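Enquirer: Starting off with a structure, shown below.
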Amino acid sequence: MSEFVFLYRGGESGRSPEKAQQMMQKWMAWLKELGANGHIKDQGQPLERTGKLVKGKQKTVTDGPFPEAKDIVGGYTLIEARDLAQAVELSKGCPIFEVDGAVEVRPVMKMNM
Amino acid sequence: MEPSEHLFRHEAGRMVATLTHIFGVHNLALAEDVVQDAFCRALEVWKFRGMPENPSAWLMATAKNRALDVLRRERTARTFAPELSRMLESEWTLAPAVEELFGAYAIKDGQLRMMFSCCHPRLPEEAQVALMLHILCGFSVDEVAGAFVSSNDAIEKRISRAKKALAGSKRLFDVSSQGDFSVRLPAVQRALYLLFNEGYHGASSESAVRADLCQEAMRLTRLLLDHPPAATPASRALFALMCLHAARLPARVNASGDLRSLFEQDRSRWDVNLIAEGQRLLDLSATGPELTEYHVEAAIAWVHTTAHGAEDTDWEMIVSLYDKLMVIRPSPVVALNRAIAIAQREGPQRGLEEIQMIANSDRLAAYPFYHAALGEFEFRGGRHEVAREHFRAALAFARNAMEQRFIEQRIAACKAATPVG
């Protein structure tokens, strides 16, 4: 088994309370299923969409929201899968695609001794 | 833990009403933004960490904290609710005042204020209903349009115009002023009645959507019953009527999704708890000098629930109740229903005579069940060809696939009964 990080980028939260609730229930169902199949190493955390950006030798601090606000990372999950292909397959069930979001699937680097 | 059905929707109504109470009605849009923001946070956090123990309290607390932020940040740039301005100005009183306005009692009070404000006499009735559904029941514009089978554009216009009128008023309706309260109450009852009817008789083909509307109307009417000055005999009769009608909802559509008329319904599927509740409220409503249309309609619905079928229904009683209704609130639809009851008692020929006597029957021309009633009476009178023509006319006005199938079945019955050649 290898580890992967799902980074959730962008995606609208739904224009109405009913749609927001449906979206939430879909997420909960999807994460629950991944967990039940042993693919979740760490459920992860949601991230605030604002913050600070510290940059350069001068360590310049600027405010969020960041320039590409629509692609901003809203949260992450640590996944266990056989290989990248399987991790990608797993990501396809994410409800974020219904609301124009994306999942970035990134293998965690291995320490080969 | 799974959220209960429509949790967000219901909380949306409570939060918008409470926040508008605090921010002032002219800041309705700001209140809506804060609510939208609270849902975004809930969605983000809950999907990773699961639902909190008490999701309603979590949402309310989030809205409260955001409200405090907004009040502190924009104190100089905006004016908030004029009647609260003194308390909101000083940091000493701000937090306790907001805390109190988010208390259980104040939340209910806020919803009532909003409900009464939505029923402003300057707004047409259909705008009042759409506005209540949008603000107090958390339906988006698309969802209101779907429920009313109307175009998004039309509903968007109706709601934004109504919101403008609402935001233009000085403050939310003051539910503690006795005089104004009892003057506005009938309009609120009427709007709730129309909302329920939109669910019960409305055009949407999705029975789930329609059941939602009925439930929302009942939820809001219960707020009236919980507020003693609003719990008048008329409010109780209105709630009784809703219970007694809602009790029949499970039987209106059979297992294969076909619409069933009152006479064909499997009465064992009627909801006995709702019938009992309706009867209890109807008994409680029988005080005071006023006999409203809600009393009479509830009584009619109640008579139906006491019978096993069309044969042992007390049509005598029902006709006399329709006679009363024609005095209190005459309309072509009431007259049509009265004619149908008379036909049950005295035969189809009498039904036809009564229909011919309906004043303003042109207003029924596009109502499918007007033509269907004519068809039904002709059919029972043995004139199957004529009946078929009426059902064909009814079909042309059917508002959804379910009504279409229902009428097509009657047309097929006419065909089957007509001798070939």
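Identifiers for the structure tokens are assigned positionally: chains receive A, B, ... in sequence, residues are indexed from 1 per chain, and ligands are indexed from 1 in the order shown.
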As a ChimeraX atom specification, could you give me every residue of chain A near chain B (at most 7 Å apart, counting only C-alpha atoms)?
Expert: /A:13,16-18,20-21,24,27-28,43-46
Enquirer: Let's see if you can do this: from backbone DSSP, list all alpha helix (DSSP H) residues in region 33-95 of chain A, as a list in words.
Expert: Glu33, Leu34, Gly35, Ala36, Leu84, Ala85, Gln86, Ala87, Val88, Glu89, Leu90 and Ser91 of chain A
Enquirer: Could you pull out all residues of chain A with a DSSP call of strand (DSSP E) and give them as a PyMOL selection string?
Expert: chain A and resi 2-10+40-46+52-55+60-63+73-81+101-107
Enquirer: May I ask which of the residues A:Phe4, A:Ile40, A:Lys32, A:Asp100 is the closest one to Ala85 (chain A), counting only C-alpha atoms?
Expert: A:Phe4
Enquirer: May I have the residues within 9 Å of Glu3 (chain A) as an NGL selection string, using only C-alpha atoms and disregarding those fewer than 3 positions away in the same chain?
Expert: :A and (41 or 78-83 or 87 or 106-110)
Enquirer: Select, from B:Thr287, B:Val188, B:Pro330, B:Leu123, the residue with the minimum atom-to-atom distance to Lys164 (chain B), counting only C-alpha atoms.
Expert: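 The shortest atom-to-atom distance to Lys164 (chain B) comes from B:Leu123.
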Enquirer: Near region 317-320 of chain B, counting only C-alpha atoms, which residues have an atom at most 8 Å away, once you skip same-chain residues fewer than 5 positions from it, shown as a ChimeraX atom specification?
Expert: /B:300,303,338,341-342
Enquirer: B:Leu262, B:Met15, B:Leu166, B:Ala97: which is nearest Trp58 (chain B), counting only C-alpha atoms?
Expert: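 Residue with the minimum atom-to-atom distance to Trp58 (chain B): B:Met15.
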Enquirer: What's the separation between CA of Gly24 (chain B) and CA of Phe80 (chain B), in Å to one decimal place?
Expert: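 Computed distance, CA of Gly24 (chain B) to CA of Phe80 (chain B), equals 5.1 Å.
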Enquirer: Could you name the residues that touch region 109-120 of chain B at 8 Å or less, counting only C-alpha atoms, but leaving out those on the same chain fewer than 6 positions away, as a tab-separated table (two decimals) with N, CA and C atoms, in the first residue's frame?
Expert:
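Generated file (part_16.tsv):
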chain	number	residue	atom	x	y	z
B	13	GLY	N	-34.36	29.45	7.45
B	13	GLY	CA	-35.47	30.34	7.77
B	13	GLY	C	-35.32	30.95	9.15
B	14	ARG	N	-34.93	30.12	10.12
B	14	ARG	CA	-34.78	30.62	11.49
B	14	ARG	C	-33.64	31.64	11.57
B	17	ALA	N	-34.47	35.02	9.70
B	17	ALA	CA	-35.44	35.81	10.47
B	17	ALA	C	-34.76	36.46	11.68
B	18	THR	N	-33.93	35.69	12.38
B	18	THR	CA	-33.28	36.22	13.57
B	18	THR	C	-32.29	37.33	13.21
B	21	HIS	N	-33.94	40.47	12.19
B	21	HIS	CA	-34.44	41.15	13.38
B	21	HIS	C	-33.34	42.03	13.99
B	128	GLN	N	-46.59	37.23	-1.51
B	128	GLN	CA	-46.46	36.93	-0.08
B	128	GLN	C	-46.07	35.46	0.11
B	129	VAL	N	-46.75	34.59	-0.62
B	129	VAL	CA	-46.50	33.15	-0.48
B	129	VAL	C	-45.08	32.81	-0.94
B	131	LEU	N	-42.52	34.75	-1.08
B	131	LEU	CA	-41.55	35.35	-0.17
B	131	LEU	C	-41.41	34.51	1.11
B	132	MET	N	-42.52	34.05	1.64
B	132	MET	CA	-42.45	33.20	2.84
B	132	MET	C	-41.67	31.93	2.55
B	136	LEU	N	-38.53	32.14	4.79
B	136	LEU	CA	-38.78	31.39	6.03
B	136	LEU	C	-38.60	29.89	5.86
B	166	LEU	N	-40.12	44.73	1.02
B	166	LEU	CA	-39.90	44.37	2.42
B	166	LEU	C	-38.75	45.19	3.01
B	172	LEU	N	-39.23	45.50	10.85
B	172	LEU	CA	-40.03	44.29	10.78
B	172	LEU	C	-41.34	44.52	11.54
B	173	PHE	N	-42.35	43.78	11.14
B	173	PHE	CA	-43.65	43.90	11.79
B	173	PHE	C	-43.50	43.65	13.30
B	174	ASP	N	-44.13	44.50	14.07
B	174	ASP	CA	-44.03	44.36	15.52
B	174	ASP	C	-45.16	43.47	16.03
B	175	VAL	N	-44.80	42.23	16.39
B	175	VAL	CA	-45.86	41.29	16.76
B	175	VAL	C	-46.44	41.57	18.14
B	184	ARG	N	-53.45	42.16	10.75
B	184	ARG	CA	-52.60	41.46	9.78
B	184	ARG	C	-52.80	39.94	9.80
B	185	LEU	N	-53.26	39.41	10.95
B	185	LEU	CA	-53.35	37.96	11.11
B	185	LEU	C	-54.13	37.25	9.99
B	187	ALA	N	-54.39	37.95	6.90
B	187	ALA	CA	-53.57	37.86	5.69
B	187	ALA	C	-52.53	36.75	5.83
B	188	VAL	N	-51.98	36.61	7.03
B	188	VAL	CA	-50.99	35.56	7.28
B	188	VAL	C	-51.66	34.19	7.15
B	191	ALA	N	-52.20	33.43	3.50
B	191	ALA	CA	-50.98	33.07	2.78
B	191	ALA	C	-50.57	31.63	3.13
B	223	LEU	N	-46.26	27.72	14.28
B	223	LEU	CA	-45.71	28.90	14.96
B	223	LEU	C	-46.83	29.82	15.44
B	224	LEU	N	-47.88	29.92	14.65
B	224	LEU	CA	-49.03	30.73	15.08
B	224	LEU	C	-49.66	30.12	16.32
Enquirer: For Asp63 (chain A), work out the shell of residues within 8 Å, counting only C-alpha atoms and skipping chain neighbours fewer than 3 positions away, then give it as a PyMOL selection string.
Expert: chain A and resi 50-53+66
Enquirer: Take the selection from the previous step and output its residues with C-alpha atoms, as an mmCIF file, in the first residue's frame.
Expert:
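Contents of the output file again-v4.cif:
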data_model
loop_
_atom_site.group_PDB
_atom_site.id
_atom_site.type_symbol
_atom_site.label_atom_id
_atom_site.label_comp_id
_atom_site.auth_asym_id
_atom_site.auth_seq_id
_atom_site.Cartn_x
_atom_site.Cartn_y
_atom_site.Cartn_z
ATOM 1 C CA THR A 50 -8.184 33.042 3.797
ATOM 2 C CA GLY A 51 -4.848 33.348 5.554
ATOM 3 C CA LYS A 52 -1.430 34.832 4.995
ATOM 4 C CA LEU A 53 1.134 34.270 2.317
ATOM 5 C CA PHE A 66 -4.888 34.180 -2.770
#
